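**Student:** What follows is my_file.cif, made up of mmCIF, C-alpha atoms:
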```
data_upload
#
loop_
_atom_site.group_PDB
_atom_site.id
_atom_site.type_symbol
_atom_site.label_atom_id
_atom_site.label_comp_id
_atom_site.auth_asym_id
_atom_site.auth_seq_id
_atom_site.Cartn_x
_atom_site.Cartn_y
_atom_site.Cartn_z
ATOM 1 C CA MET S 1 66.777 141.910 99.371
ATOM 2 C CA ASP S 2 69.063 138.857 99.175
ATOM 3 C CA GLU S 3 67.741 135.429 98.287
ATOM 4 C CA GLN S 4 67.858 134.019 101.827
ATOM 5 C CA GLU S 5 65.868 136.955 103.123
ATOM 6 C CA LEU S 6 63.365 136.500 100.312
ATOM 7 C CA ILE S 7 63.006 132.795 101.155
ATOM 8 C CA THR S 8 62.493 133.573 104.831
ATOM 9 C CA ARG S 9 59.778 136.066 103.957
ATOM 10 C CA LEU S 10 58.127 133.622 101.558
ATOM 11 C CA ILE S 11 58.081 130.869 104.189
ATOM 12 C CA ALA S 12 56.569 133.338 106.644
ATOM 13 C CA GLY S 13 53.757 133.911 104.153
ATOM 14 C CA ASN S 14 54.678 137.510 103.346
ATOM 15 C CA GLU S 15 52.276 138.486 100.583
ATOM 16 C CA THR S 16 54.449 141.314 99.218
ATOM 17 C CA ALA S 17 57.429 138.972 98.859
ATOM 18 C CA PHE S 18 55.159 136.477 97.157
ATOM 19 C CA ARG S 19 53.887 139.066 94.662
ATOM 20 C CA GLU S 20 57.444 140.205 93.885
ATOM 21 C CA THR S 21 58.551 136.615 93.319
ATOM 22 C CA VAL S 22 55.599 135.816 91.088
ATOM 23 C CA ARG S 23 56.343 138.932 89.041
ATOM 24 C CA ALA S 24 60.043 138.056 88.721
ATOM 25 C CA PHE S 25 59.611 134.351 87.902
ATOM 26 C CA HIS S 26 56.306 134.213 86.049
ATOM 27 C CA SER S 27 57.654 134.596 82.488
ATOM 28 C CA SER S 28 60.399 131.984 82.903
ATOM 29 C CA MET S 29 57.999 129.561 84.553
ATOM 30 C CA THR S 30 55.522 130.000 81.742
ATOM 31 C CA TYR S 31 58.204 129.388 79.096
ATOM 32 C CA VAL S 32 59.279 126.149 80.786
ATOM 33 C CA ALA S 33 55.683 124.974 81.216
ATOM 34 C CA ARG S 34 54.823 125.809 77.604
ATOM 35 C CA ALA S 35 57.911 123.984 76.401
ATOM 36 C CA ILE S 36 56.719 120.782 78.050
ATOM 37 C CA VAL S 37 52.907 120.801 77.996
ATOM 38 C CA GLY S 38 52.166 123.341 75.270
ATOM 39 C CA PRO S 39 50.409 126.693 75.551
ATOM 40 C CA ALA S 40 46.905 125.495 76.434
ATOM 41 C CA SER S 41 47.815 123.905 79.776
ATOM 42 C CA ALA S 42 50.805 126.058 80.768
ATOM 43 C CA ALA S 43 48.876 128.365 83.093
ATOM 44 C CA ASP S 44 47.459 125.401 85.060
ATOM 45 C CA VAL S 45 50.935 123.888 85.356
ATOM 46 C CA VAL S 46 52.428 127.163 86.592
ATOM 47 C CA GLN S 47 49.696 127.504 89.173
ATOM 48 C CA ASP S 48 50.179 123.922 90.425
ATOM 49 C CA ALA S 49 53.934 124.490 90.472
ATOM 50 C CA TRP S 50 53.496 127.515 92.723
ATOM 51 C CA ILE S 51 51.533 125.392 95.173
ATOM 52 C CA SER S 52 54.392 122.867 95.213
ATOM 53 C CA VAL S 53 56.930 125.673 95.618
ATOM 54 C CA ILE S 54 55.097 127.087 98.620
ATOM 55 C CA LYS S 55 54.807 123.651 100.220
ATOM 56 C CA SER S 56 58.429 122.718 99.549
ATOM 57 C CA LEU S 57 60.123 126.029 100.391
ATOM 58 C CA PRO S 58 61.065 125.010 103.967
ATOM 59 C CA GLN S 59 63.051 122.112 102.434
ATOM 60 C CA PHE S 60 64.923 124.344 99.948
ATOM 61 C CA GLU S 61 68.634 123.715 100.535
ATOM 62 C CA SER S 62 70.197 126.431 98.332
ATOM 63 C CA ARG S 63 72.100 123.899 96.213
ATOM 64 C CA SER S 64 70.972 125.952 93.224
ATOM 65 C CA SER S 65 69.496 129.413 92.913
ATOM 66 C CA LEU S 66 65.893 129.793 94.002
ATOM 67 C CA LYS S 67 64.928 130.439 90.400
ATOM 68 C CA THR S 68 66.543 127.245 89.080
ATOM 69 C CA TRP S 69 64.905 125.268 91.865
ATOM 70 C CA VAL S 70 61.516 126.792 91.057
ATOM 71 C CA LEU S 71 61.976 126.047 87.346
ATOM 72 C CA ILE S 72 62.829 122.409 88.111
ATOM 73 C CA ILE S 73 59.570 122.203 90.070
ATOM 74 C CA VAL S 74 57.718 123.647 87.059
ATOM 75 C CA SER S 75 59.378 121.055 84.843
ATOM 76 C CA ASN S 76 58.466 118.192 87.211
ATOM 77 C CA THR S 77 54.903 119.466 87.552
ATOM 78 C CA ALA S 78 54.565 119.702 83.779
ATOM 79 C CA LYS S 79 55.889 116.175 83.248
ATOM 80 C CA SER S 80 53.582 114.812 85.925
ATOM 81 C CA TYR S 81 50.699 116.589 84.171
ATOM 82 C CA LEU S 82 51.631 114.894 80.895
ATOM 83 C CA ARG S 83 51.896 111.496 82.552
ATOM 84 C CA LYS S 84 48.425 111.904 84.064
ATOM 85 C CA GLN S 85 47.134 112.633 80.585
ATOM 86 C CA GLY S 86 48.961 109.655 79.126
ATOM 87 C CA ARG S 87 51.004 111.935 76.905
ATOM 88 C CA MET S 88 54.645 111.410 76.024
ATOM 89 C CA ILE S 89 57.421 113.733 77.154
ATOM 90 C CA ALA S 90 59.527 114.657 74.132
ATOM 91 C CA MET S 91 61.421 117.839 74.887
ATOM 92 C CA GLY S 92 64.574 116.879 73.039
ATOM 93 C CA ASP S 93 62.937 114.926 70.266
ATOM 94 C CA ALA S 94 65.575 114.515 67.561
ATOM 95 C CA GLN S 95 63.038 114.608 64.732
ATOM 96 C CA ASP S 96 61.763 117.924 65.993
ATOM 97 C CA ILE S 97 65.305 119.274 66.093
ATOM 98 C CA GLU S 98 66.013 118.038 62.567
ATOM 99 C CA SER S 99 62.851 119.541 61.165
ATOM 100 C CA VAL S 100 63.645 123.109 62.139
ATOM 101 C CA GLY S 101 67.113 123.707 60.701
ATOM 102 C CA LEU S 102 68.327 126.657 58.638
ATOM 103 C CA ASN S 103 66.880 126.786 55.143
ATOM 104 C CA HIS S 104 69.251 124.773 53.039
ATOM 105 C CA ASP S 105 68.597 127.022 50.049
ATOM 106 C CA ARG S 106 70.954 129.460 51.774
ATOM 107 C CA PHE S 107 73.806 127.126 50.772
ATOM 108 C CA LEU S 108 75.028 125.556 47.537
ATOM 109 C CA ASP S 109 75.617 121.824 47.253
ATOM 110 C CA ASP S 110 79.329 122.458 47.800
ATOM 111 C CA GLY S 111 78.543 124.034 51.199
ATOM 112 C CA HIS S 112 79.255 127.660 50.259
ATOM 113 C CA TRP S 113 76.718 130.439 50.665
ATOM 114 C CA ALA S 114 74.195 130.549 47.817
ATOM 115 C CA ASN S 115 72.535 133.524 49.384
ATOM 116 C CA PRO S 116 75.176 135.203 51.568
ATOM 117 C CA PRO S 117 74.290 137.474 54.484
ATOM 118 C CA ARG S 118 73.646 141.026 53.363
ATOM 119 C CA ALA S 119 74.949 144.117 55.147
ATOM 120 C CA TRP S 120 72.883 145.528 58.001
ATOM 121 C CA ASP S 121 72.307 149.249 58.521
ATOM 122 C CA MET S 122 71.485 148.617 62.166
ATOM 123 C CA ASN S 123 74.480 146.605 63.295
ATOM 124 C CA THR S 124 74.583 147.059 67.056
ATOM 125 C CA PRO S 125 72.152 145.763 69.688
ATOM 126 C CA GLU S 126 71.362 149.367 70.610
ATOM 127 C CA HIS S 127 70.402 150.238 67.027
ATOM 128 C CA ILE S 128 68.388 147.048 66.632
ATOM 129 C CA LEU S 129 66.490 147.470 69.889
ATOM 130 C CA GLY S 130 66.086 151.175 69.151
ATOM 131 C CA SER S 131 63.739 150.267 66.326
ATOM 132 C CA GLU S 132 60.348 149.539 67.811
ATOM 133 C CA GLN S 133 59.262 147.663 64.682
ATOM 134 C CA LEU S 134 62.338 145.475 64.679
ATOM 135 C CA ARG S 135 62.038 144.804 68.402
ATOM 136 C CA GLU S 136 58.447 143.710 67.824
ATOM 137 C CA GLN S 137 59.587 141.510 64.953
ATOM 138 C CA ILE S 138 62.151 139.838 67.221
ATOM 139 C CA PHE S 139 59.517 139.161 69.883
ATOM 140 C CA LYS S 140 57.172 137.823 67.200
ATOM 141 C CA THR S 141 59.881 135.502 65.903
ATOM 142 C CA ILE S 142 60.647 134.231 69.399
ATOM 143 C CA GLY S 143 56.929 133.709 69.957
ATOM 144 C CA GLU S 144 56.715 131.609 66.794
ATOM 145 C CA LEU S 145 59.648 129.340 67.646
ATOM 146 C CA PRO S 146 58.926 125.696 68.512
ATOM 147 C CA GLU S 147 58.348 125.510 72.267
ATOM 148 C CA ASN S 148 61.583 123.649 73.032
ATOM 149 C CA GLN S 149 63.701 126.115 71.036
ATOM 150 C CA ARG S 150 62.009 129.073 72.685
ATOM 151 C CA ALA S 151 62.555 127.631 76.169
ATOM 152 C CA VAL S 152 66.281 127.041 75.548
ATOM 153 C CA LEU S 153 66.787 130.456 73.933
ATOM 154 C CA MET S 154 64.935 132.241 76.664
ATOM 155 C CA LEU S 155 66.653 130.377 79.515
ATOM 156 C CA TYR S 156 70.167 130.618 78.038
ATOM 157 C CA ASP S 157 70.391 133.951 76.231
ATOM 158 C CA MET S 158 67.803 135.962 78.089
ATOM 159 C CA GLU S 159 67.812 134.436 81.598
ATOM 160 C CA GLN S 160 71.470 133.431 81.253
ATOM 161 C CA LEU S 161 71.174 130.065 82.976
ATOM 162 C CA SER S 162 73.960 127.541 82.319
ATOM 163 C CA PHE S 163 73.674 124.614 79.890
ATOM 164 C CA ASP S 164 73.740 122.233 82.870
ATOM 165 C CA GLU S 165 70.848 124.013 84.537
ATOM 166 C CA ILE S 166 68.804 124.056 81.331
ATOM 167 C CA CYS S 167 69.471 120.376 80.610
ATOM 168 C CA ASN S 168 68.397 119.621 84.164
ATOM 169 C CA ILE S 169 65.234 121.731 83.957
ATOM 170 C CA LEU S 170 64.129 120.554 80.522
ATOM 171 C CA GLU S 171 65.633 117.046 80.790
ATOM 172 C CA ILE S 172 67.360 117.235 77.449
ATOM 173 C CA THR S 173 70.862 116.176 76.531
ATOM 174 C CA ASP S 174 73.676 118.677 76.273
ATOM 175 C CA SER S 175 73.960 118.137 72.516
ATOM 176 C CA ASN S 176 70.220 118.644 71.958
ATOM 177 C CA CYS S 177 70.356 121.781 74.064
ATOM 178 C CA ARG S 178 73.157 123.176 71.893
ATOM 179 C CA VAL S 179 71.324 122.348 68.671
ATOM 180 C CA LEU S 180 68.056 123.864 69.899
ATOM 181 C CA LEU S 181 69.881 127.038 70.964
ATOM 182 C CA HIS S 182 71.641 127.401 67.642
ATOM 183 C CA ARG S 183 68.424 126.814 65.674
ATOM 184 C CA ALA S 184 66.578 129.407 67.736
ATOM 185 C CA ARG S 185 69.340 131.998 67.391
ATOM 186 C CA THR S 186 69.460 131.346 63.648
ATOM 187 C CA ARG S 187 65.747 132.071 63.375
ATOM 188 C CA VAL S 188 66.212 135.382 65.187
ATOM 189 C CA TRP S 189 69.225 136.269 63.028
ATOM 190 C CA GLN S 190 67.152 135.547 59.912
ATOM 191 C CA ALA S 191 64.327 137.728 61.208
ATOM 192 C CA ILE S 192 66.694 140.653 61.772
ATOM 193 C CA GLU S 193 68.240 140.102 58.350
ATOM 194 C CA GLN S 194 64.864 139.991 56.614
ATOM 195 C CA PHE S 195 63.758 143.164 58.373
ATOM 196 C CA GLN S 196 66.913 145.068 57.476
ATOM 197 C CA THR S 197 67.149 143.975 53.855
ATOM 198 C CA ARG S 198 63.494 144.070 52.870
ATOM 199 C CA MET A 1 89.072 123.428 55.270
ATOM 200 C CA LEU A 2 85.548 123.912 56.574
ATOM 201 C CA ARG A 3 82.692 124.887 54.295
ATOM 202 C CA CYS A 4 80.452 127.889 54.953
ATOM 203 C CA HIS A 5 77.547 125.631 55.893
ATOM 204 C CA GLU A 6 79.662 123.920 58.559
ATOM 205 C CA VAL A 7 80.900 127.275 59.846
ATOM 206 C CA HIS A 8 77.300 128.393 60.245
ATOM 207 C CA GLU A 9 76.454 125.219 62.171
ATOM 208 C CA MET A 10 79.465 125.625 64.470
ATOM 209 C CA THR A 11 79.053 129.303 65.267
ATOM 210 C CA SER A 12 77.112 128.984 68.532
ATOM 211 C CA ASP A 13 79.556 126.352 69.780
ATOM 212 C CA TYR A 14 82.467 128.571 68.735
ATOM 213 C CA LEU A 15 81.048 131.531 70.635
ATOM 214 C CA GLU A 16 80.322 129.377 73.694
ATOM 215 C CA LYS A 17 83.907 128.031 73.555
ATOM 216 C CA ARG A 18 82.666 124.478 73.101
ATOM 217 C CA LEU A 19 84.850 123.517 70.141
ATOM 218 C CA SER A 20 88.089 121.551 70.314
ATOM 219 C CA LEU A 21 91.350 123.381 69.613
ATOM 220 C CA MET A 22 91.513 121.960 66.076
ATOM 221 C CA GLN A 23 87.918 122.920 65.385
ATOM 222 C CA ARG A 24 88.603 126.455 66.628
ATOM 223 C CA ILE A 25 91.670 126.753 64.420
ATOM 224 C CA ASN A 26 89.700 125.510 61.403
ATOM 225 C CA TYR A 27 86.870 127.877 62.205
ATOM 226 C CA ARG A 28 89.227 130.854 62.429
ATOM 227 C CA LEU A 29 91.059 129.872 59.269
ATOM 228 C CA HIS A 30 87.830 129.721 57.307
ATOM 229 C CA THR A 31 86.477 133.011 58.611
ATOM 230 C CA PHE A 32 89.837 134.699 57.993
ATOM 231 C CA PHE A 33 89.501 133.993 54.279
ATOM 232 C CA CYS A 34 85.709 134.064 53.809
ATOM 233 C CA GLN A 35 84.109 137.507 53.869
ATOM 234 C CA ASP A 36 80.558 136.107 53.805
ATOM 235 C CA CYS A 37 81.241 134.076 56.939
ATOM 236 C CA GLN A 38 82.948 137.072 58.562
ATOM 237 C CA ARG A 39 79.760 139.040 57.997
ATOM 238 C CA PHE A 40 77.614 136.147 59.247
ATOM 239 C CA PHE A 41 79.766 135.792 62.355
ATOM 240 C CA ALA A 42 79.528 139.503 63.165
ATOM 241 C CA GLN A 43 75.762 139.543 62.612
ATOM 242 C CA PHE A 44 75.217 136.357 64.616
ATOM 243 C CA ARG A 45 77.214 137.737 67.527
ATOM 244 C CA THR A 46 75.195 140.955 67.353
ATOM 245 C CA THR A 47 72.004 138.864 67.366
ATOM 246 C CA ILE A 48 73.080 137.100 70.554
ATOM 247 C CA CYS A 49 74.085 140.382 72.229
ATOM 248 C CA THR A 50 70.686 141.780 71.237
ATOM 249 C CA LEU A 51 68.898 138.781 72.760
ATOM 250 C CA ARG A 52 70.851 139.245 75.979
ATOM 251 C CA LYS A 53 69.683 142.835 76.216
ATOM 252 C CA LEU A 54 66.116 141.964 75.366
ATOM 253 C CA ARG A 55 63.808 141.941 78.317
ATOM 254 C CA VAL A 56 60.584 140.002 78.241
ATOM 255 C CA ASP A 57 57.790 142.240 79.402
ATOM 256 C CA GLU A 58 57.020 141.501 83.004
ATOM 257 C CA PRO A 59 53.440 140.430 83.605
ATOM 258 C CA SER A 60 51.131 143.311 84.409
ATOM 259 C CA ALA A 61 50.364 144.073 88.032
ATOM 260 C CA GLN A 62 46.826 142.892 87.333
ATOM 261 C CA ALA A 63 48.009 139.533 85.997
ATOM 262 C CA VAL A 64 50.301 139.072 89.008
ATOM 263 C CA ASP A 65 47.520 140.015 91.403
ATOM 264 C CA ALA A 66 45.166 137.567 89.711
ATOM 265 C CA GLN A 67 47.748 134.786 89.948
ATOM 266 C CA VAL A 68 48.588 135.533 93.577
ATOM 267 C CA ASP A 69 44.921 135.797 94.553
ATOM 268 C CA ALA A 70 44.169 132.471 92.875
ATOM 269 C CA LEU A 71 47.091 130.836 94.682
ATOM 270 C CA LEU A 72 46.127 132.271 98.064
ATOM 271 C CA LYS A 73 42.540 131.127 97.532
ATOM 272 C CA GLN A 74 43.724 127.658 96.565
ATOM 273 C CA GLN A 75 45.884 127.515 99.700
ATOM 274 C CA ARG A 76 42.995 128.629 101.899
ATOM 275 C CA ASP A 77 40.694 126.057 100.293
ATOM 276 C CA GLN A 78 43.198 123.302 100.973
ATOM 277 C CA LYS A 79 43.448 124.141 104.699
#
```
Would you kindly transcribe this structure into structure tokens?

**Tutor:**
Amino acid sequence: MDEQELITRLIAGNETAFRETVRAFHSSMTYVARAIVGPASAADVVQDAWISVIKSLPQFESRSSLKTWVLIIVSNTAKSYLRKQGRMIAMGDAQDIESVGLNHDRFLDDGHWANPPRAWDMNTPEHILGSEQLREQIFKTIGELPENQRAVLMLYDMEQLSFDEICNILEITDSNCRVLLHRARTRVWQAIEQFQTR
Amino acid sequence: MLRCHEVHEMTSDYLEKRLSLMQRINYRLHTFFCQDCQRFFAQFRTTICTLRKLRVDEPSAQAVDAQVDALLKQQRDQK
């Protein structure tokens, strides 16, 4: 089913199309909501966002993909939720970015590796994902990332949205987006390294 | 010449082709001579490829049904 057909069916109130769309978008929507309002209120935000999506679908103009458009609605709903609660929106907070860098004990004062990367036995994605324990460890690491890092990692590497789309959805600058992505990837790399060299 | 710490920090930007020509040349020069950074680069690229193959578990049919039912109820209540 192409996107236009899906939209037509959604506007017509087709319940099957609605279930399929919820299933396909739910994880991404939850990641975006969690990144902005935190885990406790994310489900409420996603639910409110769906209501907005349903109401606004007839006005959807296909300037972006349906998914990006839906994720922008989640982001706007989440920010509105924060405003109602008198909370600040701080997705790209520089202090937060600074506080989650790579452990500096990996490097000497002269900038060279103090603790260089060690060889991996499992050195292809297939090998890595073939290990159930390691796969679980990767998911655990992603789950423990700061919300903004997890949202960027998930939207860029896993959902493969563009930097522009992510900056638009999360309302962060391009440079913050790049830093958050690199920090998140570094955490995952470290997790794989620790697992393989333990 | 870049230091290993700087190479680490630049690796995502290098892979996303977001470095200037001079930065790319410096990056390549460093990794040509530094075996530790060669290993880091290879492992980091593998990490990214792994993430791109990783699929988040879709919500269970029950969770989807619960969400859809709640939404449909909310819509009905609003009418």

**Student:** Please provide the set of residues having any atom within 12 Å of S:Leu10, restricted to only C-alpha atoms, with same-chain residues fewer than 2 positions apart removed, written as a PDB file with C-alpha atoms, keeping the file's coordinate frame.

**Tutor:**
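Contents of selection03.pdb, freshly written:
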```
ATOM      1  CA  GLU S   3      67.741 135.429  98.287  1.00  0.00           C
ATOM      2  CA  GLN S   4      67.858 134.019 101.827  1.00  0.00           C
ATOM      3  CA  GLU S   5      65.868 136.955 103.123  1.00  0.00           C
ATOM      4  CA  LEU S   6      63.365 136.500 100.312  1.00  0.00           C
ATOM      5  CA  ILE S   7      63.006 132.795 101.155  1.00  0.00           C
ATOM      6  CA  THR S   8      62.493 133.573 104.831  1.00  0.00           C
ATOM      7  CA  ALA S  12      56.569 133.338 106.644  1.00  0.00           C
ATOM      8  CA  GLY S  13      53.757 133.911 104.153  1.00  0.00           C
ATOM      9  CA  ASN S  14      54.678 137.510 103.346  1.00  0.00           C
ATOM     10  CA  GLU S  15      52.276 138.486 100.583  1.00  0.00           C
ATOM     11  CA  THR S  16      54.449 141.314  99.218  1.00  0.00           C
ATOM     12  CA  ALA S  17      57.429 138.972  98.859  1.00  0.00           C
ATOM     13  CA  PHE S  18      55.159 136.477  97.157  1.00  0.00           C
ATOM     14  CA  ARG S  19      53.887 139.066  94.662  1.00  0.00           C
ATOM     15  CA  GLU S  20      57.444 140.205  93.885  1.00  0.00           C
ATOM     16  CA  THR S  21      58.551 136.615  93.319  1.00  0.00           C
ATOM     17  CA  VAL S  22      55.599 135.816  91.088  1.00  0.00           C
ATOM     18  CA  TRP S  50      53.496 127.515  92.723  1.00  0.00           C
ATOM     19  CA  VAL S  53      56.930 125.673  95.618  1.00  0.00           C
ATOM     20  CA  ILE S  54      55.097 127.087  98.620  1.00  0.00           C
ATOM     21  CA  LYS S  55      54.807 123.651 100.220  1.00  0.00           C
ATOM     22  CA  SER S  56      58.429 122.718  99.549  1.00  0.00           C
ATOM     23  CA  LEU S  57      60.123 126.029 100.391  1.00  0.00           C
ATOM     24  CA  PRO S  58      61.065 125.010 103.967  1.00  0.00           C
ATOM     25  CA  PHE S  60      64.923 124.344  99.948  1.00  0.00           C
ATOM     26  CA  LEU S  66      65.893 129.793  94.002  1.00  0.00           C
TER      27      LEU S  66
END
```

**Student:** Near S:Pro146, within 10 Å and counting all atoms listed in the file, which residues show up once chain neighbours fewer than 2 positions away are dropped, as a ChimeraX atom specification?

**Tutor:** /S:34-35,38,96-97,100,142-144,148-151,180,183-184

**Student:** Go ahead and save the residues from that selection, with C-alpha atoms, as an mmCIF file, keeping the file's coordinate frame.

**Tutor:**
```cif
data_model
loop_
_atom_site.group_PDB
_atom_site.id
_atom_site.type_symbol
_atom_site.label_atom_id
_atom_site.label_comp_id
_atom_site.auth_asym_id
_atom_site.auth_seq_id
_atom_site.Cartn_x
_atom_site.Cartn_y
_atom_site.Cartn_z
ATOM 1 C CA ARG S 34 54.823 125.809 77.604
ATOM 2 C CA ALA S 35 57.911 123.984 76.401
ATOM 3 C CA GLY S 38 52.166 123.341 75.270
ATOM 4 C CA ASP S 96 61.763 117.924 65.993
ATOM 5 C CA ILE S 97 65.305 119.274 66.093
ATOM 6 C CA VAL S 100 63.645 123.109 62.139
ATOM 7 C CA ILE S 142 60.647 134.231 69.399
ATOM 8 C CA GLY S 143 56.929 133.709 69.957
ATOM 9 C CA GLU S 144 56.715 131.609 66.794
ATOM 10 C CA ASN S 148 61.583 123.649 73.032
ATOM 11 C CA GLN S 149 63.701 126.115 71.036
ATOM 12 C CA ARG S 150 62.009 129.073 72.685
ATOM 13 C CA ALA S 151 62.555 127.631 76.169
ATOM 14 C CA LEU S 180 68.056 123.864 69.899
ATOM 15 C CA ARG S 183 68.424 126.814 65.674
ATOM 16 C CA ALA S 184 66.578 129.407 67.736
#
```

**Student:** Determine which residues of chain S sit within 9 Å of chain A, taking into account all atoms listed in the file, and present them as an mmCIF file with C-alpha atoms, in the frame of the given file.

**Tutor:**
```cif
data_model
loop_
_atom_site.group_PDB
_atom_site.id
_atom_site.type_symbol
_atom_site.label_atom_id
_atom_site.label_comp_id
_atom_site.auth_asym_id
_atom_site.auth_seq_id
_atom_site.Cartn_x
_atom_site.Cartn_y
_atom_site.Cartn_z
ATOM 1 C CA GLU S 15 52.276 138.486 100.583
ATOM 2 C CA PHE S 18 55.159 136.477 97.157
ATOM 3 C CA ARG S 19 53.887 139.066 94.662
ATOM 4 C CA GLU S 20 57.444 140.205 93.885
ATOM 5 C CA VAL S 22 55.599 135.816 91.088
ATOM 6 C CA ARG S 23 56.343 138.932 89.041
ATOM 7 C CA ALA S 24 60.043 138.056 88.721
ATOM 8 C CA HIS S 26 56.306 134.213 86.049
ATOM 9 C CA SER S 27 57.654 134.596 82.488
ATOM 10 C CA GLN S 47 49.696 127.504 89.173
ATOM 11 C CA ASP S 48 50.179 123.922 90.425
ATOM 12 C CA TRP S 50 53.496 127.515 92.723
ATOM 13 C CA ILE S 51 51.533 125.392 95.173
ATOM 14 C CA LEU S 102 68.327 126.657 58.638
ATOM 15 C CA HIS S 104 69.251 124.773 53.039
ATOM 16 C CA ARG S 106 70.954 129.460 51.774
ATOM 17 C CA PHE S 107 73.806 127.126 50.772
ATOM 18 C CA LEU S 108 75.028 125.556 47.537
ATOM 19 C CA ASP S 110 79.329 122.458 47.800
ATOM 20 C CA GLY S 111 78.543 124.034 51.199
ATOM 21 C CA HIS S 112 79.255 127.660 50.259
ATOM 22 C CA TRP S 113 76.718 130.439 50.665
ATOM 23 C CA PRO S 116 75.176 135.203 51.568
ATOM 24 C CA PRO S 117 74.290 137.474 54.484
ATOM 25 C CA ARG S 118 73.646 141.026 53.363
ATOM 26 C CA ALA S 119 74.949 144.117 55.147
ATOM 27 C CA TRP S 120 72.883 145.528 58.001
ATOM 28 C CA ASN S 123 74.480 146.605 63.295
ATOM 29 C CA THR S 124 74.583 147.059 67.056
ATOM 30 C CA PRO S 125 72.152 145.763 69.688
ATOM 31 C CA GLU S 126 71.362 149.367 70.610
ATOM 32 C CA ILE S 128 68.388 147.048 66.632
ATOM 33 C CA LEU S 129 66.490 147.470 69.889
ATOM 34 C CA ARG S 135 62.038 144.804 68.402
ATOM 35 C CA ILE S 138 62.151 139.838 67.221
ATOM 36 C CA PHE S 139 59.517 139.161 69.883
ATOM 37 C CA LEU S 153 66.787 130.456 73.933
ATOM 38 C CA MET S 154 64.935 132.241 76.664
ATOM 39 C CA TYR S 156 70.167 130.618 78.038
ATOM 40 C CA ASP S 157 70.391 133.951 76.231
ATOM 41 C CA MET S 158 67.803 135.962 78.089
ATOM 42 C CA GLU S 159 67.812 134.436 81.598
ATOM 43 C CA GLN S 160 71.470 133.431 81.253
ATOM 44 C CA ARG S 178 73.157 123.176 71.893
ATOM 45 C CA VAL S 179 71.324 122.348 68.671
ATOM 46 C CA LEU S 181 69.881 127.038 70.964
ATOM 47 C CA HIS S 182 71.641 127.401 67.642
ATOM 48 C CA ARG S 183 68.424 126.814 65.674
ATOM 49 C CA ARG S 185 69.340 131.998 67.391
ATOM 50 C CA THR S 186 69.460 131.346 63.648
ATOM 51 C CA VAL S 188 66.212 135.382 65.187
ATOM 52 C CA TRP S 189 69.225 136.269 63.028
ATOM 53 C CA ILE S 192 66.694 140.653 61.772
ATOM 54 C CA GLU S 193 68.240 140.102 58.350
#
```

**Student:** To one decimal place, how far is atom CA of S:Arg83 from atom CA of S:Leu170 in Å?

**Tutor:** 15.4 Å

**Student:** Separation of atom CA of S:Arg198 and atom CA of S:Asp121, in Å?

**Tutor:**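 So the two atoms, atom CA of S:Arg198 and atom CA of S:Asp121, lie 11.7 Å apart.
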
**Student:** With all atoms of stretch 140-154 of chain S from the file as input, state the centre and edge lengths in Å to one decimal of the axis-aligned box that has 6 Å extra on each side, as AutoDock Vina command-line options.

**Tutor:**
```
--center_x 61.8 --center_y 130.7 --center_z 71.3 --size_x 22.1 --size_y 26.2 --size_z 22.8
```

**Student:** With the input short on atoms, add N, CA and C atoms back to stretch 178-188 of chain S and write it as a PDB file, in the frame of the given file.

**Tutor:**
```pdb
ATOM      1  N   ARG S 178      72.322 122.329  72.760  1.00  0.00           N
ATOM      2  CA  ARG S 178      73.157 123.176  71.893  1.00  0.00           C
ATOM      3  C   ARG S 178      72.519 123.357  70.522  1.00  0.00           C
ATOM      4  N   VAL S 179      71.958 122.258  69.990  1.00  0.00           N
ATOM      5  CA  VAL S 179      71.324 122.348  68.671  1.00  0.00           C
ATOM      6  C   VAL S 179      70.088 123.260  68.737  1.00  0.00           C
ATOM      7  N   LEU S 180      69.275 123.049  69.764  1.00  0.00           N
ATOM      8  CA  LEU S 180      68.056 123.864  69.899  1.00  0.00           C
ATOM      9  C   LEU S 180      68.410 125.346  70.013  1.00  0.00           C
ATOM     10  N   LEU S 181      69.464 125.642  70.794  1.00  0.00           N
ATOM     11  CA  LEU S 181      69.881 127.038  70.964  1.00  0.00           C
ATOM     12  C   LEU S 181      70.326 127.634  69.635  1.00  0.00           C
ATOM     13  N   HIS S 182      71.129 126.874  68.904  1.00  0.00           N
ATOM     14  CA  HIS S 182      71.641 127.401  67.642  1.00  0.00           C
ATOM     15  C   HIS S 182      70.515 127.613  66.630  1.00  0.00           C
ATOM     16  N   ARG S 183      69.567 126.663  66.586  1.00  0.00           N
ATOM     17  CA  ARG S 183      68.424 126.814  65.674  1.00  0.00           C
ATOM     18  C   ARG S 183      67.623 128.074  66.017  1.00  0.00           C
ATOM     19  N   ALA S 184      67.384 128.256  67.300  1.00  0.00           N
ATOM     20  CA  ALA S 184      66.578 129.407  67.736  1.00  0.00           C
ATOM     21  C   ALA S 184      67.290 130.719  67.405  1.00  0.00           C
ATOM     22  N   ARG S 185      68.585 130.779  67.697  1.00  0.00           N
ATOM     23  CA  ARG S 185      69.340 131.998  67.391  1.00  0.00           C
ATOM     24  C   ARG S 185      69.338 132.268  65.884  1.00  0.00           C
ATOM     25  N   THR S 186      69.441 131.181  65.108  1.00  0.00           N
ATOM     26  CA  THR S 186      69.460 131.346  63.648  1.00  0.00           C
ATOM     27  C   THR S 186      68.148 131.962  63.169  1.00  0.00           C
ATOM     28  N   ARG S 187      67.041 131.502  63.756  1.00  0.00           N
ATOM     29  CA  ARG S 187      65.747 132.071  63.375  1.00  0.00           C
ATOM     30  C   ARG S 187      65.704 133.585  63.661  1.00  0.00           C
ATOM     31  N   VAL S 188      66.244 133.958  64.820  1.00  0.00           N
ATOM     32  CA  VAL S 188      66.212 135.382  65.187  1.00  0.00           C
ATOM     33  C   VAL S 188      67.129 136.168  64.248  1.00  0.00           C
TER      34      VAL S 188
END
```
